[in-house]
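Taking it in order: structure first as structure tokens, then the write-up.
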Amino acid sequence: MLSSRKESFSFAVIGKFAGKRPSLEWVEEKAKFWAHSRPCLVSLTIKGHFIFSFDTLADKAYTFGLSPLSLEKKKIFFLPWSPGQEESAWPSITPVWIR
């Protein structure tokens, strides 16, 4: 059972927004345009990260290649999903404003 659960995430990436996290509904709407074969399943973790599960490796690779992605001035970073994802795996994020 555990191996099939892990396999269900083999085509998944985890995403973290810089700054304030948008709503799950907002992210689901934006994610509709990332996958080519079928829309992805978007889940929200306890830590406030988003897991994007795709049907194909090609869709996963395409989305991962978009990182970092800006969505209406909100930047999201993607990492391949793995069980027990560590916070230290994320890049340091510091917003910079230039006038």
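Numbering starts fresh at 1 for the residues of each chain in the structure tokens, the chains themselves are lettered A, B, ... in the order given, and ligands are numbered from 1 as they appear.
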Open item on the list: At a cut-off of 10 Å, using only C-alpha atoms, what residues contact Ala31 of chain A? Leave out same-chain residues fewer than 5 positions from it and give the result as a list of chain:residue names.
Closed with: A:Glu25, A:Trp26, A:Pro39, A:Cys40, A:Leu41, A:Val42, A:Phe52, A:Thr63
Open item on the list: Residues within 12 Å of Ala58 of chain A, please, as a list in words. Count only C-alpha atoms; anything in the same chain fewer than 6 positions from it doesn't count.
Closed with: Ser10, Phe11, Ala12, Trp34, Ala35, His36, Ser37, Arg38, Phe64 and Gly65 of chain A
TODO: Please provide the set of residues having any atom within 12 Å of His49 of chain A, restricted to only C-alpha atoms, with same-chain residues fewer than 2 positions apart removed, written as a VMD selection string.
DONE: chain A and resid 13 to 24 27 42 to 47 51 to 52 76 to 79 81 85 to 87 90
- [ ] Quote the spacing between atom CA of Pro80 of chain A and atom CA of Ala61 of chain A in Å to one decimal place.
- [x]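 Rounded to one decimal, the two atoms are 9.2 Å apart.
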TODO: Quick one: pull the distance between atom CA of Leu71 of chain A and atom CA of Lys30 of chain A, Å, one decimal.
DONE: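 Atom CA of Leu71 of chain A sits 7.9 Å away from atom CA of Lys30 of chain A.
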TODO: Going by DSSP on the backbone, which bits of segment 17-96 of chain A are strand (DSSP E or B)? Write them as a ChimeraX atom specification, please.
DONE: /A:17,41-44,50-53,69-71,74-80
- [ ] Just give me the gap between atom CA of Phe33 of chain A and atom CA of Lys75 of chain A in Å, one decimal is fine.
- [x]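 Rounded to one decimal, the two atoms are 16.2 Å apart.
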